[in-house]
>>> print(open('query-v4.cif').read())   # mmCIF, C-alpha atoms (C1' of nucleotides)
data_work
loop_
_atom_site.label_atom_id
_atom_site.label_comp_id
_atom_site.auth_asym_id
_atom_site.auth_seq_id
_atom_site.Cartn_x
_atom_site.Cartn_y
_atom_site.Cartn_z
CA MET A 1 0.00 0.00 0.00
CA SER A 2 1.51 3.29 -1.09
CA LYS A 3 1.61 6.20 1.26
CA ILE A 4 -1.29 8.59 1.24
CA LYS A 5 -1.43 11.89 2.97
CA GLU A 6 -3.58 11.49 6.03
CA THR A 7 -5.44 14.64 5.22
CA SER A 8 -6.51 13.50 1.76
CA THR A 9 -10.09 12.58 1.08
CA ASN A 10 -8.82 9.37 -0.47
CA PHE A 11 -7.24 8.38 2.82
CA GLU A 12 -10.50 8.80 4.61
CA ASN A 13 -12.35 6.96 1.92
CA LYS A 14 -10.04 3.96 2.32
CA ILE A 15 -10.95 3.84 5.95
CA PHE A 16 -14.64 4.08 5.21
CA LEU A 17 -14.45 1.31 2.65
CA ASN A 18 -12.97 -0.98 5.26
CA GLU A 19 -15.58 0.04 7.77
CA CYS A 20 -18.48 -0.86 5.58
CA ASP A 21 -17.72 -4.57 5.50
CA GLN A 22 -17.13 -4.59 9.21
CA ILE A 23 -20.39 -2.85 9.88
CA PHE A 24 -22.18 -5.17 7.51
CA ALA A 25 -20.69 -8.13 9.34
CA ALA A 26 -21.48 -6.66 12.72
CA SER A 27 -25.09 -6.07 11.76
CA LEU A 28 -25.39 -9.76 10.99
CA ILE A 29 -24.20 -10.89 14.40
CA ALA A 30 -26.04 -8.17 16.27
CA GLY A 31 -29.03 -8.97 18.42
CA GLN A 32 -29.38 -10.31 21.92
CA TRP A 33 -29.37 -13.95 20.92
CA THR A 34 -27.55 -14.28 17.63
CA LEU A 35 -24.17 -15.24 19.05
CA VAL A 36 -25.69 -17.64 21.53
CA ILE A 37 -27.50 -19.44 18.74
CA CYS A 38 -24.42 -19.35 16.53
CA CYS A 39 -22.38 -20.93 19.26
CA HIS A 40 -24.77 -23.79 19.82
CA LEU A 41 -24.96 -24.52 16.12
CA THR A 42 -21.19 -24.81 15.71
CA THR A 43 -21.44 -28.31 17.09
CA GLY A 44 -23.93 -29.38 14.45
CA LYS A 45 -27.52 -29.07 13.35
CA LEU A 46 -30.23 -28.72 15.93
CA ARG A 47 -34.00 -28.73 15.95
CA PHE A 48 -36.08 -25.79 17.09
CA GLY A 49 -36.97 -27.49 20.34
CA GLU A 50 -33.37 -28.51 21.01
CA LEU A 51 -32.21 -24.94 20.65
CA LYS A 52 -34.99 -23.84 22.95
CA LYS A 53 -33.88 -26.37 25.54
CA ARG A 54 -30.23 -25.27 25.31
CA ILE A 55 -31.20 -21.62 25.72
CA PRO A 56 -33.83 -21.83 28.44
CA THR A 57 -34.23 -18.08 28.89
CA ILE A 58 -35.18 -17.33 25.29
CA THR A 59 -38.83 -17.11 24.36
CA GLU A 60 -40.18 -18.95 21.36
CA ARG A 61 -40.96 -15.63 19.77
CA MET A 62 -37.37 -14.38 20.01
CA LEU A 63 -35.92 -17.70 18.91
CA THR A 64 -38.08 -17.59 15.83
CA LEU A 65 -37.28 -13.96 15.10
CA GLN A 66 -33.53 -14.41 15.51
CA LEU A 67 -33.42 -17.58 13.45
CA ARG A 68 -35.36 -15.86 10.69
CA LYS A 69 -32.98 -12.96 10.77
CA MET A 70 -29.97 -15.28 10.64
CA GLU A 71 -31.57 -17.18 7.80
CA GLU A 72 -32.14 -13.94 5.94
CA GLY A 73 -28.47 -13.11 6.54
CA ASP A 74 -27.44 -16.53 5.23
CA LEU A 75 -25.83 -17.53 8.48
CA VAL A 76 -28.09 -20.50 9.08
CA LYS A 77 -29.92 -22.94 6.85
CA ARG A 78 -33.43 -24.02 7.72
CA THR A 79 -34.65 -27.43 6.68
CA VAL A 80 -38.29 -28.37 7.03
CA TYR A 81 -39.23 -32.03 6.94
CA ALA A 82 -42.73 -32.82 5.77
CA GLU A 83 -43.57 -34.99 8.74
CA VAL A 84 -46.14 -35.14 11.46
CA PRO A 85 -45.33 -33.87 13.98
CA PRO A 86 -43.33 -31.22 12.12
CA ARG A 87 -39.55 -31.31 12.28
CA VAL A 88 -37.35 -28.33 11.45
CA GLU A 89 -33.57 -28.38 11.64
CA TYR A 90 -31.19 -25.47 11.75
CA GLU A 91 -27.53 -25.55 10.83
CA LEU A 92 -24.80 -23.06 10.05
CA THR A 93 -24.17 -22.29 6.41
CA LYS A 94 -20.64 -22.49 5.04
CA SER A 95 -20.26 -18.78 5.65
CA GLY A 96 -21.63 -19.20 9.13
CA GLN A 97 -19.02 -21.82 9.86
CA GLU A 98 -16.27 -19.57 8.56
CA LEU A 99 -17.40 -16.98 11.04
CA SER A 100 -16.84 -19.31 13.98
CA PRO A 101 -13.05 -18.98 14.31
CA ILE A 102 -13.35 -15.20 14.22
CA LEU A 103 -15.96 -15.28 16.95
CA LYS A 104 -13.69 -17.57 18.92
CA GLN A 105 -10.92 -14.98 18.69
CA LEU A 106 -13.38 -12.33 19.72
CA GLY A 107 -14.19 -14.43 22.76
CA GLU A 108 -10.50 -14.79 23.61
CA TRP A 109 -10.05 -11.06 23.33
CA GLY A 110 -13.10 -10.53 25.51
CA LYS A 111 -11.72 -12.85 28.17
CA ASN A 112 -8.38 -11.06 28.31
CA HIS A 113 -9.97 -7.65 28.15
CA ARG A 114 -12.22 -8.50 31.05
CA LYS A 115 -9.23 -9.69 33.07
CA THR A 116 -7.25 -6.55 32.32
CA ARG A 117 -10.14 -4.37 33.36
CA ASN A 118 -10.60 -6.17 36.64
CA ALA A 119 -6.89 -5.93 37.40
CA GLU A 120 -6.99 -2.19 36.79
CA LYS A 121 -10.12 -1.75 38.83
CA SER A 122 -8.51 -3.22 41.93
CA CYS A 123 -5.73 -0.64 41.72
CA THR A 124 -7.69 2.47 40.88
CA THR A 125 -10.80 3.26 42.83
CA HIS A 126 -11.67 6.63 41.33
CA LYS A 127 -14.16 5.08 38.95
CA VAL A 128 -16.07 3.45 41.72
CA LEU A 129 -16.01 6.61 43.73
CA ALA A 130 -17.18 8.62 40.76
CA GLN A 131 -20.38 6.60 40.79
CA MET B 6 -9.80 -31.32 25.67
CA SER B 7 -11.19 -34.70 26.63
CA LYS B 8 -14.30 -36.03 25.00
CA ILE B 9 -17.59 -35.22 26.64
CA LYS B 10 -20.91 -36.72 25.78
CA GLU B 11 -22.85 -34.17 23.78
CA THR B 12 -25.92 -34.76 25.85
CA SER B 13 -24.23 -34.01 29.17
CA THR B 14 -25.00 -30.81 30.99
CA ASN B 15 -21.27 -30.22 31.25
CA PHE B 16 -20.97 -30.20 27.49
CA GLU B 17 -23.59 -27.52 27.23
CA ASN B 18 -21.98 -25.55 30.01
CA LYS B 19 -18.67 -25.50 28.18
CA ILE B 20 -20.42 -23.95 25.23
CA PHE B 21 -22.08 -21.37 27.42
CA LEU B 22 -18.80 -20.46 29.04
CA ASN B 23 -17.34 -19.74 25.65
CA GLU B 24 -20.37 -17.72 24.69
CA CYS B 25 -20.12 -15.42 27.62
CA ASP B 26 -16.82 -13.89 26.59
CA GLN B 27 -18.03 -13.53 23.05
CA ILE B 28 -21.19 -11.85 24.18
CA PHE B 29 -19.25 -9.62 26.51
CA ALA B 30 -16.97 -8.65 23.64
CA ALA B 31 -19.89 -8.17 21.29
CA SER B 32 -21.64 -5.91 23.74
CA LEU B 33 -18.58 -3.66 23.75
CA ILE B 34 -18.52 -3.24 19.99
CA ALA B 35 -22.28 -3.03 19.67
CA GLY B 36 -23.96 0.23 18.84
CA GLN B 37 -24.56 2.02 15.59
CA TRP B 38 -21.29 3.97 15.59
CA THR B 39 -18.80 2.05 17.71
CA LEU B 40 -17.05 0.28 14.86
CA VAL B 41 -16.92 3.41 12.75
CA ILE B 42 -15.22 5.29 15.56
CA CYS B 43 -12.91 2.38 16.29
CA CYS B 44 -11.86 2.27 12.69
CA HIS B 45 -11.00 5.93 12.53
CA LEU B 46 -8.99 5.73 15.71
CA THR B 47 -6.83 2.86 14.47
CA THR B 48 -4.78 5.42 12.57
CA GLY B 49 -4.03 7.43 15.69
CA LYS B 50 -5.53 9.81 18.18
CA LEU B 51 -8.17 12.27 17.06
CA ARG B 52 -9.95 15.22 18.56
CA PHE B 53 -13.71 15.36 19.03
CA GLY B 54 -14.15 17.72 16.12
CA GLU B 55 -11.91 15.64 13.87
CA LEU B 56 -13.98 12.56 14.52
CA LYS B 57 -17.11 14.55 13.84
CA LYS B 58 -15.67 15.71 10.51
CA ARG B 59 -14.69 12.19 9.51
CA ILE B 60 -18.15 10.86 10.36
CA PRO B 61 -20.37 13.59 8.94
CA THR B 62 -23.65 11.79 9.54
CA ILE B 63 -23.21 11.35 13.28
CA THR B 64 -24.75 13.89 15.63
CA GLU B 65 -22.70 15.42 18.41
CA ARG B 66 -24.97 13.76 20.89
CA MET B 67 -24.36 10.27 19.53
CA LEU B 68 -20.64 10.86 19.17
CA THR B 69 -20.50 11.85 22.81
CA LEU B 70 -22.62 8.93 23.95
CA GLN B 71 -20.65 6.36 21.99
CA LEU B 72 -17.29 7.71 23.06
CA ARG B 73 -18.41 7.65 26.68
CA LYS B 74 -19.58 4.09 26.30
CA MET B 75 -16.31 3.08 24.67
CA GLU B 76 -14.40 4.84 27.43
CA GLU B 77 -16.43 2.99 30.01
CA GLY B 78 -15.58 -0.24 28.17
CA ASP B 79 -11.88 0.68 28.17
CA LEU B 80 -11.69 0.70 24.41
CA VAL B 81 -10.70 4.34 24.14
CA LYS B 82 -8.76 6.74 26.30
CA ARG B 83 -9.96 10.32 26.68
CA THR B 84 -7.46 13.05 27.35
CA VAL B 85 -8.60 16.54 28.29
CA TYR B 86 -6.15 19.40 27.93
CA ALA B 87 -6.72 22.38 30.19
CA GLU B 88 -6.63 24.90 27.38
CA VAL B 89 -8.83 27.59 25.95
CA PRO B 90 -10.45 26.73 23.65
CA PRO B 91 -10.84 23.23 25.08
CA ARG B 92 -9.06 20.31 23.45
CA VAL B 93 -9.98 16.69 23.99
CA GLU B 94 -8.24 13.80 22.29
CA TYR B 95 -9.42 10.24 21.89
CA GLU B 96 -7.24 7.25 21.23
CA LEU B 97 -7.54 3.48 21.35
CA THR B 98 -6.36 1.78 24.50
CA LYS B 99 -3.98 -1.16 24.26
CA SER B 100 -6.95 -3.51 24.39
CA GLY B 101 -8.68 -1.46 21.75
CA GLN B 102 -5.70 -1.83 19.48
CA GLU B 103 -5.61 -5.56 20.04
CA LEU B 104 -9.20 -5.67 18.85
CA SER B 105 -8.32 -4.12 15.50
CA PRO B 106 -6.91 -7.21 13.75
CA ILE B 107 -9.97 -9.19 14.77
CA LEU B 108 -12.25 -6.52 13.39
CA LYS B 109 -10.22 -6.53 10.22
CA GLN B 110 -10.85 -10.26 9.87
CA LEU B 111 -14.50 -9.64 10.53
CA GLY B 112 -14.47 -7.13 7.71
CA GLU B 113 -12.81 -9.61 5.38
CA TRP B 114 -15.40 -12.19 6.24
CA GLY B 115 -18.14 -9.64 5.66
CA LYS B 116 -16.76 -8.80 2.25
CA ASN B 117 -16.64 -12.42 1.16
CA HIS B 118 -20.00 -13.19 2.69
CA ARG B 119 -21.57 -10.32 0.84
CA LYS B 120 -20.05 -11.52 -2.43
CA THR B 121 -21.26 -15.06 -1.88
CA ARG B 122 -24.75 -13.87 -1.15
CA ASN B 123 -24.91 -11.74 -4.27
CA ALA B 124 -23.64 -14.61 -6.37
CA GLU B 125 -26.33 -16.87 -4.97
CA LYS B 126 -29.02 -14.27 -5.43
CA SER B 127 -28.34 -14.01 -9.14
CA CYS B 128 -28.89 -17.76 -9.52
CA THR B 129 -31.88 -18.32 -7.28
CA THR B 130 -34.82 -16.00 -7.55
CA HIS B 131 -37.19 -17.64 -5.11
CA LYS B 132 -36.24 -15.30 -2.32
CA VAL B 133 -37.03 -12.27 -4.39
CA LEU B 134 -40.28 -13.81 -5.51
CA ALA B 135 -41.19 -14.69 -1.96
CA GLN B 136 -41.15 -11.01 -1.16
"C1'" DC C 30 -43.59 -29.74 17.53
"C1'" DT C 31 -42.94 -25.39 15.54
"C1'" DG C 32 -44.29 -21.73 15.36
"C1'" DT C 33 -47.97 -16.74 15.09
"C1'" DA C 34 -50.54 -12.87 16.91
"C1'" DT C 35 -51.21 -9.31 20.03
"C1'" DC C 36 -49.98 -6.08 23.25
"C1'" DC C 37 -46.75 -3.73 25.98
"C1'" DT C 38 -42.21 -1.96 27.87
"C1'" DA C 39 -37.44 -0.69 27.47
"C1'" DT C 40 -33.64 0.84 25.00
"C1'" DT C 41 -31.53 3.26 21.19
"C1'" DT C 42 -31.25 6.86 18.08
"C1'" DG C 43 -32.38 11.38 15.96
"C1'" DA C 44 -33.53 16.61 15.80
"C1'" DT C 45 -32.96 20.72 17.66
"C1'" DA C 46 -31.61 24.20 20.73
"C1'" DC C 47 -28.50 25.76 24.11
"C1'" DT C 48 -23.76 26.39 27.16
"C1'" DG C 49 -19.02 27.01 29.63
"C1'" DC D 20 -14.36 23.56 20.81
"C1'" DA D 21 -16.64 20.15 23.03
"C1'" DG D 22 -20.10 19.15 24.68
"C1'" DT D 23 -25.66 19.07 27.45
"C1'" DA D 24 -30.63 19.15 27.69
"C1'" DT D 25 -34.95 18.00 26.05
"C1'" DC D 26 -38.32 15.82 23.44
"C1'" DA D 27 -39.84 12.69 19.82
"C1'" DA D 28 -39.34 8.60 16.82
"C1'" DA D 29 -37.79 4.16 15.86
"C1'" DT D 30 -36.36 -0.33 17.12
"C1'" DA D 31 -35.67 -4.32 20.06
"C1'" DG D 32 -37.29 -7.25 23.33
"C1'" DG D 33 -40.67 -9.65 26.60
"C1'" DA D 34 -45.34 -11.91 28.27
"C1'" DT D 35 -48.95 -14.35 27.11
"C1'" DA D 36 -52.28 -16.73 24.41
"C1'" DC D 37 -53.34 -19.31 20.56
"C1'" DA D 38 -52.82 -22.33 15.90
"C1'" DG D 39 -51.66 -25.79 12.03
#
>>> encode(input="query-v4.cif", output="structure tokens")
Amino acid sequence: MSKIKETSTNFENKIFLNECDQIFAASLIAGQWTLVICCHLTTGKLRFGELKKRIPTITERMLTLQLRKMEEGDLVKRTVYAEVPPRVEYELTKSGQELSPILKQLGEWGKNHRKTRNAEKSCTTHKVLAQ
Amino acid sequence: MSKIKETSTNFENKIFLNECDQIFAASLIAGQWTLVICCHLTTGKLRFGELKKRIPTITERMLTLQLRKMEEGDLVKRTVYAEVPPRVEYELTKSGQELSPILKQLGEWGKNHRKTRNAEKSCTTHKVLAQ
DNA sequence: CTGTATCCTATTTGATACTG
DNA sequence: CAGTATCAAATAGGATACAG
């Protein structure tokens, strides 16, 4: 990458271009339950009821909404079997699986970041006092 | 990691443990403007007004709110200079900088994912028709 | 079993005006 | 310059009941 003056419009545009994909990606994993669902599906396909059981605090409404959103974003694949009683299975798409290692890194970062923060908190009390 | 039966509660707990850090991390980068700000700060410290100029569509209110949230999350450091007129500079913390490469990967994934989706869309029209 | 429909609350964001 | 204050709009999320 050649050097660009930091004041040039082009320089700023390069940054924005990069942003857009990140923001697009972030919008796909946004939502209270998306990552939770993602995580459970990394180990394989699951039925609606199985997901519900693994995430006891989610309501059926939210599970449906989130799964629909993830389906729309091509993160999960929904397979309906024409049986009685109905059976519907959810699994990560190829893209969804490719996201997993990145999310794992994000988790690692989160773990370390949390540690660092706690370590700092025990030294400096001004934040607590400010409350 | 030793093998655990997939039906055991422990197995599910392991997944949940992993989730938590991810969700914690996600909550820190959530918000309409967080990633945009993050991105601009990767190239160095910026003043309030400079950020505002680089993100023309953000309101001062939102810029303030997001920066405060990111400060609270220890992603950015805020430095106030006792000058007239006032000068305040924002920069990524060490943790914030460590997040950058992960966000870059997320952006790469987003770019590819977007491509894949568009390619699929041009072949299959049922989704468009369903609308 | 796998969802929908309805109603309601909480949180987030935006518009605009004002301040030390 | 770097914010606050206030009000309004939009969006996300939850509780509950019901349906194919």
>>> resolve_selection(input="query-v4.cif", expression="the PyMOL selection byres ((chain B) within 9 of (chain D))", output="PyMOL selection string")
chain B and resi 53-54+65-66+69+89-93
>>> atom_distance(input="query-v4.cif", atom1="atom C1' of DC37 of chain C", atom2="atom CA of Leu63 of chain A")
19.0 Å
>>> residues_around(input="query-v4.cif", residues="Leu65 of chain A", least_positions_apart="6", cutoff="12 Å", atoms="only C-alpha atoms (C1' of nucleotides)", output="JSON, numbers by chain")
{"A": [31, 32, 33, 34, 37, 58, 59, 71, 72], "C": [32, 33], "D": [31, 32]}
>>> atom_distance(input="query-v4.cif", atom1="atom CA of Ala31 of chain B", atom2="atom CA of Ala119 of chain A")
20.8 Å
>>> atom_distance(input="query-v4.cif", atom1="atom CA of Ala82 of chain A", atom2="atom CA of Ser127 of chain B")
28.0 Å
>>> interface_residues(input="query-v4.cif", of="chain A", to="chain B", cutoff="6 Å", atoms="all atoms listed in the file", output="list in words")
Asp21, Gln22, Ala25, Leu106, Gly107, Gly110 and Lys111 of chain A
>>> closest_residue(input="query-v4.cif", among="A:Pro56, A:Leu92, A:Arg68, A:Val76", to="chain C", atoms="only C-alpha atoms (C1' of nucleotides)")
A:Arg68
>>> closest_residue(input="query-v4.cif", among="B:Thr62, B:Met67, B:Leu51, B:Leu56", to="chain C", atoms="only C-alpha atoms (C1' of nucleotides)")
B:Met67
>>> closest_residue(input="query-v4.cif", among="A:Lys77, A:Lys53, A:Arg47, A:Lys69", to="chain C", atoms="only C-alpha atoms (C1' of nucleotides)")
A:Arg47
>>> interface_residues(input="query-v4.cif", of="chain C", to="chain B", cutoff="9 Å", atoms="only C-alpha atoms (C1' of nucleotides)", output="list of chain:residue names")
C:DT41, C:DT42, C:DG43
>>> axis_aligned_box(input="query-v4.cif", around="segment 113-122 of chain A", padding_each_side="3 Å", output="JSON")
{"center_x": -9.6, "center_y": -5.7, "center_z": 35.0, "size_x": 11.3, "size_y": 13.9, "size_z": 19.8}
>>> closest_residue(input="query-v4.cif", among="B:Lys19, B:Glu94, B:Gln71, B:Glu88", to="Lys50 of chain B", atoms="all atoms listed in the file")
B:Glu94
